[in-house]
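Just query.csv here, CSV, N, CA and C atoms:
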```
chain,number,residue,atom,x,y,z
C,1,MET,N,113.1,88.1,133.1
C,1,MET,CA,112.6,87.5,131.9
C,1,MET,C,111.5,86.5,132.2
C,2,SER,N,110.2,86.9,131.9
C,2,SER,CA,109.1,86.0,132.2
C,2,SER,C,107.9,86.3,131.2
C,3,ILE,N,107.0,85.4,131.2
C,3,ILE,CA,105.8,85.6,130.5
C,3,ILE,C,104.6,85.5,131.5
C,4,LYS,N,103.9,86.6,131.6
C,4,LYS,CA,102.7,86.6,132.6
C,4,LYS,C,101.4,86.6,131.8
C,5,SER,N,100.5,85.8,132.3
C,5,SER,CA,99.2,85.8,131.6
C,5,SER,C,98.1,85.7,132.7
C,6,ASN,N,96.9,86.0,132.3
C,6,ASN,CA,95.8,85.8,133.2
C,6,ASN,C,94.5,85.2,132.5
C,7,ALA,N,93.5,85.1,133.3
C,7,ALA,CA,92.3,84.4,132.7
C,7,ALA,C,91.6,85.2,131.6
C,8,PHE,N,91.9,86.5,131.5
C,8,PHE,CA,91.2,87.3,130.5
C,8,PHE,C,92.0,87.4,129.2
C,9,GLY,N,93.1,86.6,129.0
C,9,GLY,CA,93.8,86.4,127.8
C,9,GLY,C,94.9,87.4,127.6
C,10,ARG,N,95.2,88.2,128.5
C,10,ARG,CA,96.4,89.1,128.4
C,10,ARG,C,97.7,88.4,128.6
C,11,VAL,N,98.6,88.7,127.8
C,11,VAL,CA,100.0,88.1,127.9
C,11,VAL,C,101.0,89.2,128.0
C,12,GLU,N,101.9,89.2,129.0
C,12,GLU,CA,102.8,90.3,129.1
C,12,GLU,C,104.2,89.7,129.1
C,13,LEU,N,105.1,90.1,128.1
C,13,LEU,CA,106.5,89.7,128.1
C,13,LEU,C,107.3,90.7,128.8
C,14,THR,N,108.3,90.2,129.5
C,14,THR,CA,109.2,91.1,130.2
C,14,THR,C,110.7,90.8,129.8
C,15,GLY,N,111.6,91.7,130.1
C,15,GLY,CA,113.0,91.5,130.0
C,15,GLY,C,113.4,91.1,128.6
C,16,ASP,N,114.3,90.1,128.5
C,16,ASP,CA,114.8,89.6,127.2
C,16,ASP,C,113.8,89.1,126.3
C,17,ASP,N,112.7,88.5,126.8
C,17,ASP,CA,111.7,88.0,125.9
C,17,ASP,C,111.0,89.2,125.2
C,18,ALA,N,110.8,90.3,125.9
C,18,ALA,CA,110.1,91.4,125.3
C,18,ALA,C,111.0,92.0,124.2
C,19,LYS,N,112.3,92.1,124.5
C,19,LYS,CA,113.2,92.7,123.5
C,19,LYS,C,113.3,91.8,122.2
C,20,LYS,N,113.3,90.5,122.4
C,20,LYS,CA,113.4,89.5,121.3
C,20,LYS,C,112.1,89.6,120.5
C,21,PHE,N,110.9,89.7,121.1
C,21,PHE,CA,109.7,89.8,120.4
C,21,PHE,C,109.6,91.1,119.6
C,22,ARG,N,110.0,92.2,120.3
C,22,ARG,CA,109.9,93.5,119.6
C,22,ARG,C,110.8,93.5,118.4
C,23,ASN,N,112.0,93.0,118.5
C,23,ASN,CA,113.0,92.9,117.4
C,23,ASN,C,112.4,92.0,116.2
C,24,GLN,N,111.8,90.9,116.6
C,24,GLN,CA,111.2,90.0,115.6
C,24,GLN,C,110.1,90.7,114.9
C,25,ALA,N,109.3,91.4,115.6
C,25,ALA,CA,108.1,92.1,115.0
C,25,ALA,C,108.6,93.3,114.1
C,26,THR,N,109.7,93.9,114.5
C,26,THR,CA,110.2,95.0,113.7
C,26,THR,C,111.1,94.6,112.5
C,27,TYR,N,112.0,93.7,112.7
C,27,TYR,CA,113.0,93.4,111.7
C,27,TYR,C,112.8,92.0,111.1
C,28,GLY,N,111.9,91.2,111.6
C,28,GLY,CA,111.8,89.8,111.2
C,28,GLY,C,111.3,89.7,109.7
C,29,ARG,N,111.7,88.6,109.1
C,29,ARG,CA,111.2,88.4,107.7
C,29,ARG,C,110.3,87.2,107.7
C,30,ALA,N,109.2,87.3,106.9
C,30,ALA,CA,108.3,86.3,106.8
C,30,ALA,C,108.9,85.1,106.0
C,31,LYS,N,108.6,83.9,106.4
C,31,LYS,CA,109.0,82.7,105.6
C,31,LYS,C,108.1,82.5,104.4
C,32,PRO,N,108.7,81.9,103.4
C,32,PRO,CA,107.9,81.7,102.1
C,32,PRO,C,106.5,81.0,102.4
C,33,ALA,N,106.5,80.1,103.3
C,33,ALA,CA,105.2,79.4,103.6
C,33,ALA,C,104.2,80.3,104.2
C,34,ALA,N,104.6,81.3,105.0
C,34,ALA,CA,103.7,82.2,105.5
C,34,ALA,C,103.2,83.2,104.5
C,35,LYS,N,104.0,83.6,103.5
C,35,LYS,CA,103.6,84.4,102.5
C,35,LYS,C,102.5,83.7,101.6
C,36,GLU,N,102.8,82.4,101.3
C,36,GLU,CA,101.8,81.7,100.5
C,36,GLU,C,100.5,81.5,101.3
C,37,ALA,N,100.5,81.3,102.6
C,37,ALA,CA,99.3,81.2,103.3
C,37,ALA,C,98.5,82.5,103.3
C,38,VAL,N,99.2,83.6,103.4
C,38,VAL,CA,98.5,84.9,103.4
C,38,VAL,C,97.9,85.1,102.0
C,39,ALA,N,98.6,84.7,101.0
C,39,ALA,CA,98.0,84.9,99.6
C,39,ALA,C,96.8,84.0,99.4
C,40,ARG,N,96.8,82.8,99.9
C,40,ARG,CA,95.6,81.9,99.9
C,40,ARG,C,94.5,82.5,100.7
C,41,GLY,N,94.8,83.1,101.9
C,41,GLY,CA,93.8,83.7,102.7
C,41,GLY,C,93.1,84.9,102.1
C,42,VAL,N,93.9,85.7,101.4
C,42,VAL,CA,93.4,86.9,100.7
C,42,VAL,C,92.4,86.4,99.6
C,43,VAL,N,92.7,85.4,98.9
C,43,VAL,CA,91.8,84.9,97.8
C,43,VAL,C,90.5,84.4,98.4
C,44,MET,N,90.6,83.6,99.5
C,44,MET,CA,89.4,83.1,100.2
C,44,MET,C,88.6,84.3,100.8
C,45,SER,N,89.2,85.3,101.3
C,45,SER,CA,88.5,86.4,101.9
C,45,SER,C,87.8,87.2,100.8
C,46,ARG,N,88.4,87.4,99.7
C,46,ARG,CA,87.7,88.0,98.5
C,46,ARG,C,86.5,87.2,98.0
C,47,SER,N,86.7,85.9,98.0
C,47,SER,CA,85.7,85.0,97.5
C,47,SER,C,84.5,85.1,98.5
C,48,LEU,N,84.8,85.1,99.8
C,48,LEU,CA,83.7,85.2,100.8
C,48,LEU,C,83.0,86.5,100.7
C,49,LYS,N,83.7,87.6,100.5
C,49,LYS,CA,83.1,88.9,100.4
C,49,LYS,C,82.2,89.0,99.1
C,50,ASP,N,82.7,88.5,98.0
C,50,ASP,CA,82.0,88.6,96.7
C,50,ASP,C,80.9,87.7,96.6
C,51,GLY,N,81.1,86.4,96.9
C,51,GLY,CA,80.1,85.4,96.7
C,51,GLY,C,79.4,84.9,97.9
C,52,GLY,N,79.9,85.2,99.1
C,52,GLY,CA,79.2,84.8,100.3
C,52,GLY,C,79.6,83.4,100.8
C,53,SER,N,80.5,82.7,100.1
C,53,SER,CA,81.0,81.4,100.5
C,53,SER,C,82.4,81.2,100.1
C,54,VAL,N,83.0,80.2,100.8
C,54,VAL,CA,84.4,79.8,100.5
C,54,VAL,C,84.4,78.3,100.3
C,55,ARG,N,85.1,77.8,99.4
C,55,ARG,CA,85.3,76.3,99.1
C,55,ARG,C,86.7,75.9,99.3
C,56,PHE,N,87.0,74.9,100.0
C,56,PHE,CA,88.3,74.4,100.2
C,56,PHE,C,88.3,72.9,100.4
C,57,LYS,N,89.5,72.2,100.1
C,57,LYS,CA,89.6,70.8,100.3
C,57,LYS,C,90.6,70.5,101.5
C,58,LEU,N,90.2,69.5,102.2
C,58,LEU,CA,91.1,69.1,103.3
C,58,LEU,C,92.1,68.1,102.9
C,59,LYS,N,93.3,68.2,103.3
C,59,LYS,CA,94.3,67.2,102.9
C,59,LYS,C,94.3,66.1,104.0
C,60,PRO,N,94.5,64.9,103.7
C,60,PRO,CA,94.6,63.9,104.8
C,60,PRO,C,95.9,64.1,105.6
C,61,SER,N,95.7,63.9,106.9
C,61,SER,CA,96.8,64.2,107.8
C,61,SER,C,97.8,63.0,107.7
C,62,SER,N,99.1,63.3,107.9
C,62,SER,CA,100.1,62.3,107.8
C,62,SER,C,100.3,61.5,109.0
```

If you took the structure in this file and wrote it as structure tokens, what would it be?
Amino acid sequence: MSIKSNAFGRVELTGDDAKKFRNQATYGRAKPAAKEAVARGVVMSRSLKDGGSVRFKLKPSS
């Protein structure tokens, strides 16, 4: 069980980590916050495609 990486950005999971990742990718469920983020991203992507720009507001950090 290890994670191997190199300077070119490749990451290789082995053993139990690989099994866990594969199962999460296959059977995992998205959290509601992730679904909301994707929905906002789709709206921004369409806005960029149609109008050439995207407008958003930054929230102050806590």

DSSP alpha helix (DSSP H) residues within region 6-60 of chain C, listed as a PyMOL selection string = chain C and resi 15-27+32-51

Using the chain letters and numbers from this document, which residues of chain C does DSSP assign to strand (DSSP E), as a list of chain:residue names?
-> C:Ile3, C:Lys4, C:Ser5, C:Val11, C:Glu12, C:Leu13

Point-to-point distance in Å for CA of Gly28 (chain C) and CA of Glu12 (chain C) | 20.0 Å

Point-to-point distance in Å for atom N of Lys57 (chain C) and atom C of Val43 (chain C) | 12.4 Å

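Between CA of Arg40 (chain C) and CA of Leu58 (chain C) the separation is 14.0 Å.
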